[in-house]
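The structure file final-v3.pdb is reproduced below (PDB, C-alpha atoms, pLDDT in the B column).
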ATOM      1  CA  MET A   1      51.395  90.360  17.305  1.00 62.00           C
ATOM      2  CA  SER A   2      48.463  89.126  19.319  1.00 74.00           C
ATOM      3  CA  PHE A   3      47.610  86.095  21.383  1.00 84.00           C
ATOM      4  CA  ASP A   4      44.170  84.596  21.046  1.00 89.00           C
ATOM      5  CA  PRO A   5      42.796  82.138  23.629  1.00 91.00           C
ATOM      6  CA  TYR A   6      42.111  78.560  22.517  1.00 94.00           C
ATOM      7  CA  ILE A   7      39.901  76.665  24.932  1.00 93.00           C
ATOM      8  CA  HIS A   8      38.785  73.037  25.036  1.00 93.00           C
ATOM      9  CA  PHE A   9      35.433  71.502  25.916  1.00 93.00           C
ATOM     10  CA  GLN A  10      33.847  68.130  26.632  1.00 90.00           C
ATOM     11  CA  GLY A  11      31.283  68.116  23.846  1.00 91.00           C
ATOM     12  CA  ASN A  12      29.740  71.560  24.281  1.00 94.00           C
ATOM     13  CA  ALA A  13      32.125  73.843  22.343  1.00 96.00           C
ATOM     14  CA  ARG A  14      29.403  74.765  19.831  1.00 97.00           C
ATOM     15  CA  ALA A  15      26.969  75.822  22.564  1.00 97.00           C
ATOM     16  CA  ALA A  16      29.736  77.746  24.363  1.00 97.00           C
ATOM     17  CA  LEU A  17      30.812  79.660  21.241  1.00 98.00           C
ATOM     18  CA  GLU A  18      27.200  80.467  20.339  1.00 98.00           C
ATOM     19  CA  THR A  19      26.560  81.693  23.899  1.00 98.00           C
ATOM     20  CA  TYR A  20      29.717  83.831  23.846  1.00 97.00           C
ATOM     21  CA  ALA A  21      28.606  85.321  20.496  1.00 98.00           C
ATOM     22  CA  ARG A  22      25.271  86.323  22.067  1.00 97.00           C
ATOM     23  CA  ILE A  23      27.105  87.935  24.996  1.00 97.00           C
ATOM     24  CA  PHE A  24      30.025  89.608  23.198  1.00 96.00           C
ATOM     25  CA  GLY A  25      28.819  89.849  19.593  1.00 96.00           C
ATOM     26  CA  GLY A  26      30.910  88.618  16.687  1.00 96.00           C
ATOM     27  CA  THR A  27      30.492  85.694  14.332  1.00 97.00           C
ATOM     28  CA  VAL A  28      31.068  81.984  14.885  1.00 98.00           C
ATOM     29  CA  GLU A  29      32.771  79.641  12.413  1.00 97.00           C
ATOM     30  CA  ILE A  30      32.789  75.897  13.129  1.00 97.00           C
ATOM     31  CA  SER A  31      34.394  72.823  11.569  1.00 95.00           C
ATOM     32  CA  THR A  32      33.487  69.385  12.905  1.00 93.00           C
ATOM     33  CA  TYR A  33      35.605  66.263  13.202  1.00 90.00           C
ATOM     34  CA  ALA A  34      33.383  64.623  10.572  1.00 89.00           C
ATOM     35  CA  GLU A  35      34.415  67.297   8.053  1.00 89.00           C
ATOM     36  CA  ALA A  36      38.106  66.401   8.339  1.00 86.00           C
ATOM     37  CA  PRO A  37      39.470  64.790   5.183  1.00 87.00           C
ATOM     38  CA  ASP A  38      40.371  61.148   5.807  1.00 84.00           C
ATOM     39  CA  ALA A  39      38.773  61.259   9.267  1.00 79.00           C
ATOM     40  CA  PRO A  40      39.421  58.074  11.223  1.00 79.00           C
ATOM     41  CA  PRO A  41      36.371  55.844  11.849  1.00 80.00           C
ATOM     42  CA  GLU A  42      35.724  57.163  15.369  1.00 78.00           C
ATOM     43  CA  MET A  43      35.460  60.729  13.989  1.00 76.00           C
ATOM     44  CA  ARG A  44      33.290  60.069  10.945  1.00 80.00           C
ATOM     45  CA  GLY A  45      29.823  61.380  11.595  1.00 81.00           C
ATOM     46  CA  SER A  46      30.902  63.274  14.724  1.00 86.00           C
ATOM     47  CA  ASP A  47      29.333  66.707  15.097  1.00 89.00           C
ATOM     48  CA  LEU A  48      31.853  67.599  17.809  1.00 91.00           C
ATOM     49  CA  VAL A  49      33.799  70.786  17.102  1.00 95.00           C
ATOM     50  CA  MET A  50      37.264  70.123  15.700  1.00 94.00           C
ATOM     51  CA  HIS A  51      37.933  73.860  15.431  1.00 96.00           C
ATOM     52  CA  GLY A  52      35.724  76.838  16.138  1.00 97.00           C
ATOM     53  CA  THR A  53      36.342  80.560  16.117  1.00 98.00           C
ATOM     54  CA  LEU A  54      34.402  83.476  17.538  1.00 97.00           C
ATOM     55  CA  ARG A  55      35.590  86.447  15.477  1.00 97.00           C
ATOM     56  CA  LEU A  56      35.425  89.747  17.347  1.00 93.00           C
ATOM     57  CA  GLY A  57      36.988  92.345  15.080  1.00 90.00           C
ATOM     58  CA  GLU A  58      40.765  92.021  15.400  1.00 89.00           C
ATOM     59  CA  ARG A  59      40.509  89.364  18.134  1.00 90.00           C
ATOM     60  CA  ASN A  60      39.445  85.744  18.132  1.00 95.00           C
ATOM     61  CA  LEU A  61      38.327  83.270  20.744  1.00 95.00           C
ATOM     62  CA  MET A  62      39.028  79.778  19.464  1.00 96.00           C
ATOM     63  CA  ALA A  63      37.764  76.476  20.812  1.00 96.00           C
ATOM     64  CA  SER A  64      37.336  72.786  20.171  1.00 95.00           C
ATOM     65  CA  ASP A  65      35.873  69.707  21.751  1.00 93.00           C
ATOM     66  CA  PHE A  66      38.251  66.964  22.777  1.00 90.00           C
ATOM     67  CA  PRO A  67      38.288  64.384  19.962  1.00 85.00           C
ATOM     68  CA  PRO A  68      35.670  61.628  20.073  1.00 79.00           C
ATOM     69  CA  GLY A  69      36.715  58.966  22.552  1.00 77.00           C
ATOM     70  CA  MET A  70      39.430  61.132  24.115  1.00 80.00           C
ATOM     71  CA  GLY A  71      39.105  62.392  27.666  1.00 79.00           C
ATOM     72  CA  GLY A  72      40.458  65.672  28.938  1.00 79.00           C
ATOM     73  CA  ASP A  73      39.771  68.375  31.439  1.00 76.00           C
ATOM     74  CA  PRO A  74      38.306  71.626  30.170  1.00 69.00           C
ATOM     75  CA  GLN A  75      40.241  74.775  31.033  1.00 73.00           C
ATOM     76  CA  GLN A  76      41.111  74.441  34.711  1.00 74.00           C
ATOM     77  CA  ALA A  77      43.985  76.856  35.336  1.00 75.00           C
ATOM     78  CA  VAL A  78      43.325  79.644  32.846  1.00 86.00           C
ATOM     79  CA  SER A  79      41.035  82.659  33.008  1.00 92.00           C
ATOM     80  CA  ILE A  80      39.984  84.821  30.091  1.00 94.00           C
ATOM     81  CA  SER A  81      40.139  88.496  30.974  1.00 94.00           C
ATOM     82  CA  HIS A  82      37.666  90.917  29.396  1.00 93.00           C
ATOM     83  CA  GLU A  83      37.565  94.671  29.903  1.00 93.00           C
ATOM     84  CA  ALA A  84      34.174  96.015  28.867  1.00 94.00           C
ATOM     85  CA  ALA A  85      33.634  99.483  27.423  1.00 93.00           C
ATOM     86  CA  SER A  86      31.701 100.658  30.487  1.00 94.00           C
ATOM     87  CA  GLU A  87      30.769  99.625  34.004  1.00 93.00           C
ATOM     88  CA  VAL A  88      27.195  98.928  32.882  1.00 95.00           C
ATOM     89  CA  LYS A  89      28.368  96.678  30.032  1.00 96.00           C
ATOM     90  CA  ALA A  90      30.831  94.879  32.338  1.00 96.00           C
ATOM     91  CA  ARG A  91      28.004  94.107  34.782  1.00 97.00           C
ATOM     92  CA  GLN A  92      25.807  92.795  31.938  1.00 97.00           C
ATOM     93  CA  VAL A  93      28.602  90.534  30.648  1.00 97.00           C
ATOM     94  CA  PHE A  94      29.382  89.258  34.146  1.00 98.00           C
ATOM     95  CA  ASP A  95      25.730  88.488  34.870  1.00 98.00           C
ATOM     96  CA  ALA A  96      25.290  86.700  31.527  1.00 98.00           C
ATOM     97  CA  LEU A  97      28.384  84.529  32.097  1.00 98.00           C
ATOM     98  CA  ALA A  98      27.319  83.776  35.679  1.00 98.00           C
ATOM     99  CA  GLU A  99      23.924  82.426  34.538  1.00 97.00           C
ATOM    100  CA  GLY A 100      24.091  78.707  35.264  1.00 97.00           C
ATOM    101  CA  GLY A 101      27.718  79.064  36.356  1.00 97.00           C
ATOM    102  CA  GLU A 102      29.551  79.755  39.588  1.00 97.00           C
ATOM    103  CA  VAL A 103      30.605  83.175  40.874  1.00 98.00           C
ATOM    104  CA  VAL A 104      34.205  83.001  42.095  1.00 97.00           C
ATOM    105  CA  MET A 105      34.438  86.673  43.141  1.00 97.00           C
ATOM    106  CA  ALA A 106      31.322  88.829  43.171  1.00 98.00           C
ATOM    107  CA  TYR A 107      31.289  91.738  40.734  1.00 97.00           C
ATOM    108  CA  GLN A 108      32.169  94.827  42.784  1.00 96.00           C
ATOM    109  CA  PRO A 109      34.202  98.037  42.839  1.00 93.00           C
ATOM    110  CA  THR A 110      37.941  97.642  43.394  1.00 92.00           C
ATOM    111  CA  PHE A 111      40.790 100.078  43.875  1.00 89.00           C
ATOM    112  CA  TRP A 112      41.651  99.746  40.162  1.00 88.00           C
ATOM    113  CA  SER A 113      38.184  99.590  38.598  1.00 91.00           C
ATOM    114  CA  ASP A 114      34.572 100.626  39.157  1.00 91.00           C
ATOM    115  CA  GLY A 115      33.695  96.976  38.722  1.00 95.00           C
ATOM    116  CA  PHE A 116      35.520  93.643  38.650  1.00 96.00           C
ATOM    117  CA  GLY A 117      34.409  90.056  39.153  1.00 98.00           C
ATOM    118  CA  MET A 118      35.434  86.481  38.459  1.00 97.00           C
ATOM    119  CA  VAL A 119      33.123  83.720  37.307  1.00 97.00           C
ATOM    120  CA  LYS A 120      33.274  80.131  36.075  1.00 96.00           C
ATOM    121  CA  ASP A 121      30.570  79.896  33.417  1.00 96.00           C
ATOM    122  CA  ARG A 122      28.285  76.908  32.829  1.00 96.00           C
ATOM    123  CA  PHE A 123      30.765  75.531  30.267  1.00 94.00           C
ATOM    124  CA  GLY A 124      33.674  75.520  32.730  1.00 92.00           C
ATOM    125  CA  THR A 125      35.433  78.602  31.353  1.00 95.00           C
ATOM    126  CA  HIS A 126      36.890  80.968  33.941  1.00 95.00           C
ATOM    127  CA  TRP A 127      36.433  84.693  33.272  1.00 96.00           C
ATOM    128  CA  MET A 128      37.718  87.910  34.846  1.00 97.00           C
ATOM    129  CA  ILE A 129      35.402  90.764  33.867  1.00 97.00           C
ATOM    130  CA  SER A 130      36.199  94.408  34.531  1.00 96.00           C
ATOM    131  CA  SER A 131      34.983  97.846  33.693  1.00 94.00           C
ATOM    132  CA  PRO A 132      37.582 100.292  32.335  1.00 88.00           C
ATOM    133  CA  TRP A 133      40.660 100.629  34.512  1.00 79.00           C
ATOM    134  CA  ARG A 134      40.949 103.698  36.738  1.00 70.00           C
ATOM    135  CA  GLN A 135      43.908 105.955  36.264  1.00 66.00           C
ATOM    136  CA  PRO A 136      45.747 106.658  39.557  1.00 60.00           C
ATOM    137  CA  GLY A 137      45.346 110.110  41.020  1.00 57.00           C
TER
END
What would the structure in this file look like if it were written as structure tokens?
Amino acid sequence: MSFDPYIHFQGNARAALETYARIFGGTVEISTYAEAPDAPPEMRGSDLVMHGTLRLGERNLMASDFPPGMGGDPQQAVSISHEAASEVKARQVFDALAEGGEVVMAYQPTFWSDGFGMVKDRFGTHWMISSPWRQPG
């Protein structure tokens, strides 16, 4: 069993998923509201993302835009945690996500990791990025 994050955006889900694919790798699949069979009039012709997936091996990051004409707040109380394969890779990921975003906690060594930081990216997604966890002792 696994849990895959599903995050929501205000019209920029496609750009977010494509950016995340450049940072993390993987492939992006997107369906728009306009592609939905029997789409209501307000959705016909909409290129907003009804469902998108960034496939990363066994894991997925899924996303959508709020439906046309519907308001909503993008992810406000959730962070996506990512442990990179190395401290160098973790720093690269953190820096890429921080570009145009807001650093919440600077990337730095901690008692549990050689590097950890928190950032809200330019799309409003909150991330916790760490290098591999240290084993006690």
Considering only C-alpha atoms, give me a table of residues in stretch 42-66 of chain A that are at most 7 Å from stretch 8-13 of chain A, with the closest atom pair and distance in Å for each, as CSV.
residue,atom,partner,partner_atom,distance
A:Leu48,CA,A:Gly11,CA,6.1
A:Val49,CA,A:Ala13,CA,6.3
A:Ala63,CA,A:His8,CA,5.5
A:Ser64,CA,A:His8,CA,5.1
A:Asp65,CA,A:Phe9,CA,4.6
A:Phe66,CA,A:Gln10,CA,6.0
Next on the checklist: Report, in Å with one decimal, the straight-line distance from atom CA of A:Ile23 to atom CA of A:Thr110.
Outcome noted: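 Between atom CA of A:Ile23 and atom CA of A:Thr110 the gap works out to 23.5 Å.
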Checklist entry - Counting all atoms listed in the file, which of A:Glu29, A:Asp47, A:Asp38, A:Glu83 gets nearest to A:Met128? => result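 Of A:Glu29, A:Asp47, A:Asp38, A:Glu83, the one nearest A:Met128, counting all atoms listed in the file, is A:Glu83.
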Checklist entry - Taking the file as shown, what set of residues would the PyMOL selection byres ((chain A and resi 111-122) around 10) give back, as number ranges by chain? => result A: 16, 76, 79-84, 86-88, 90-91, 94-110, 123-136
Neighbour residues at most 12 Å from (35.3, 82.7, 18.5) (only C-alpha atoms) as a CSV table (one decimal) with C-alpha atoms, in the frame of the given file:
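See point.csv below for the written result:
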chain,number,residue,atom,x,y,z
A,4,ASP,CA,44.2,84.6,21.0
A,5,PRO,CA,42.8,82.1,23.6
A,6,TYR,CA,42.1,78.6,22.5
A,7,ILE,CA,39.9,76.7,24.9
A,13,ALA,CA,32.1,73.8,22.3
A,14,ARG,CA,29.4,74.8,19.8
A,15,ALA,CA,27.0,75.8,22.6
A,16,ALA,CA,29.7,77.7,24.4
A,17,LEU,CA,30.8,79.7,21.2
A,18,GLU,CA,27.2,80.5,20.3
A,19,THR,CA,26.6,81.7,23.9
A,20,TYR,CA,29.7,83.8,23.8
A,21,ALA,CA,28.6,85.3,20.5
A,22,ARG,CA,25.3,86.3,22.1
A,23,ILE,CA,27.1,87.9,25.0
A,24,PHE,CA,30.0,89.6,23.2
A,25,GLY,CA,28.8,89.8,19.6
A,26,GLY,CA,30.9,88.6,16.7
A,27,THR,CA,30.5,85.7,14.3
A,28,VAL,CA,31.1,82.0,14.9
A,29,GLU,CA,32.8,79.6,12.4
A,30,ILE,CA,32.8,75.9,13.1
A,51,HIS,CA,37.9,73.9,15.4
A,52,GLY,CA,35.7,76.8,16.1
A,53,THR,CA,36.3,80.6,16.1
A,54,LEU,CA,34.4,83.5,17.5
A,55,ARG,CA,35.6,86.4,15.5
A,56,LEU,CA,35.4,89.7,17.3
A,57,GLY,CA,37.0,92.3,15.1
A,58,GLU,CA,40.8,92.0,15.4
A,59,ARG,CA,40.5,89.4,18.1
A,60,ASN,CA,39.4,85.7,18.1
A,61,LEU,CA,38.3,83.3,20.7
A,62,MET,CA,39.0,79.8,19.5
A,63,ALA,CA,37.8,76.5,20.8
A,64,SER,CA,37.3,72.8,20.2
All file atoms of stretch 23-38 of chain A boxed axis-aligned, 5 Å per side, centre plus edges, as AutoDock Vina command-line options:
--center_x 33.7 --center_y 75.5 --center_z 15.1 --size_x 23.3 --size_y 38.7 --size_z 29.8
Next on the checklist: Just the number, please: distance in Å from atom CA of A:Ser2 to atom CA of A:Ala85, one decimal.
Outcome noted: 19.8 Å
Any chance you could resolve the PyMOL selection byres ((chain A and resi 34) around 12) against this file and give the residues as an mmCIF file with C-alpha atoms, in the frame of the given file?
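Below is the file out.cif, written as the result:
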data_model
loop_
_atom_site.group_PDB
_atom_site.id
_atom_site.type_symbol
_atom_site.label_atom_id
_atom_site.label_comp_id
_atom_site.auth_asym_id
_atom_site.auth_seq_id
_atom_site.Cartn_x
_atom_site.Cartn_y
_atom_site.Cartn_z
ATOM 1 C CA ILE A 30 32.789 75.897 13.129
ATOM 2 C CA SER A 31 34.394 72.823 11.569
ATOM 3 C CA THR A 32 33.487 69.385 12.905
ATOM 4 C CA TYR A 33 35.605 66.263 13.202
ATOM 5 C CA GLU A 35 34.415 67.297 8.053
ATOM 6 C CA ALA A 36 38.106 66.401 8.339
ATOM 7 C CA PRO A 37 39.470 64.790 5.183
ATOM 8 C CA ASP A 38 40.371 61.148 5.807
ATOM 9 C CA ALA A 39 38.773 61.259 9.267
ATOM 10 C CA PRO A 40 39.421 58.074 11.223
ATOM 11 C CA PRO A 41 36.371 55.844 11.849
ATOM 12 C CA GLU A 42 35.724 57.163 15.369
ATOM 13 C CA MET A 43 35.460 60.729 13.989
ATOM 14 C CA ARG A 44 33.290 60.069 10.945
ATOM 15 C CA GLY A 45 29.823 61.380 11.595
ATOM 16 C CA SER A 46 30.902 63.274 14.724
ATOM 17 C CA ASP A 47 29.333 66.707 15.097
ATOM 18 C CA LEU A 48 31.853 67.599 17.809
ATOM 19 C CA VAL A 49 33.799 70.786 17.102
ATOM 20 C CA MET A 50 37.264 70.123 15.700
ATOM 21 C CA HIS A 51 37.933 73.860 15.431
ATOM 22 C CA PRO A 67 38.288 64.384 19.962
ATOM 23 C CA PRO A 68 35.670 61.628 20.073
#
Since the input has fewer atoms than a full residue there, write stretch 64-87 of chain A out with N, CA and C atoms, as a short mmCIF file (atom, residue, chain, number, x, y, z; two decimals), in the coordinates of the input.
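Output below, filename rebuild00.cif:
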data_model
loop_
_atom_site.label_atom_id
_atom_site.label_comp_id
_atom_site.auth_asym_id
_atom_site.auth_seq_id
_atom_site.Cartn_x
_atom_site.Cartn_y
_atom_site.Cartn_z
N SER A 64 37.65 74.10 20.75
CA SER A 64 37.34 72.79 20.17
C SER A 64 36.84 71.87 21.28
N ASP A 65 36.19 70.80 20.85
CA ASP A 65 35.87 69.71 21.75
C ASP A 65 37.05 68.75 21.73
N PHE A 66 37.27 68.04 22.82
CA PHE A 66 38.25 66.96 22.78
C PHE A 66 37.77 65.96 21.73
N PRO A 67 38.70 65.32 21.01
CA PRO A 67 38.29 64.38 19.96
C PRO A 67 37.39 63.27 20.51
N PRO A 68 36.53 62.73 19.65
CA PRO A 68 35.67 61.63 20.07
C PRO A 68 36.49 60.51 20.71
N GLY A 69 36.04 60.05 21.85
CA GLY A 69 36.72 58.97 22.55
C GLY A 69 37.91 59.38 23.38
N MET A 70 38.28 60.66 23.35
CA MET A 70 39.43 61.13 24.12
C MET A 70 38.95 61.95 25.30
N GLY A 71 39.45 61.63 26.47
CA GLY A 71 39.10 62.39 27.67
C GLY A 71 40.02 63.60 27.80
N GLY A 72 39.66 64.49 28.66
CA GLY A 72 40.46 65.67 28.94
C GLY A 72 39.68 66.60 29.84
N ASP A 73 40.40 67.41 30.55
CA ASP A 73 39.77 68.38 31.44
C ASP A 73 39.64 69.71 30.73
N PRO A 74 38.44 70.28 30.72
CA PRO A 74 38.31 71.63 30.17
C PRO A 74 39.18 72.59 30.98
N GLN A 75 39.37 73.75 30.46
CA GLN A 75 40.24 74.78 31.03
C GLN A 75 40.10 74.87 32.55
N GLN A 76 41.14 74.46 33.26
CA GLN A 76 41.11 74.44 34.71
C GLN A 76 41.97 75.53 35.34
N ALA A 77 43.05 75.93 34.70
CA ALA A 77 43.98 76.86 35.34
C ALA A 77 44.20 78.12 34.51
N VAL A 78 43.21 78.47 33.69
CA VAL A 78 43.32 79.64 32.85
C VAL A 78 42.05 80.46 32.99
N SER A 79 42.19 81.77 33.03
CA SER A 79 41.04 82.66 33.01
C SER A 79 41.15 83.55 31.79
N ILE A 80 40.01 83.87 31.19
CA ILE A 80 39.98 84.82 30.09
C ILE A 80 39.57 86.16 30.68
N SER A 81 40.39 87.17 30.45
CA SER A 81 40.14 88.50 30.97
C SER A 81 39.45 89.35 29.91
N HIS A 82 38.40 90.04 30.32
CA HIS A 82 37.67 90.92 29.40
C HIS A 82 37.41 92.25 30.07
N GLU A 83 37.87 93.32 29.43
CA GLU A 83 37.56 94.67 29.90
C GLU A 83 36.47 95.23 29.02
N ALA A 84 35.32 95.48 29.61
CA ALA A 84 34.17 96.02 28.87
C ALA A 84 34.34 97.52 28.65
N ALA A 85 33.54 98.06 27.75
CA ALA A 85 33.63 99.48 27.42
C ALA A 85 33.12 100.39 28.53
N SER A 86 32.27 99.85 29.41
CA SER A 86 31.70 100.66 30.49
C SER A 86 31.40 99.77 31.68
N GLU A 87 31.12 100.38 32.80
CA GLU A 87 30.77 99.62 34.00
C GLU A 87 29.45 98.90 33.80
#
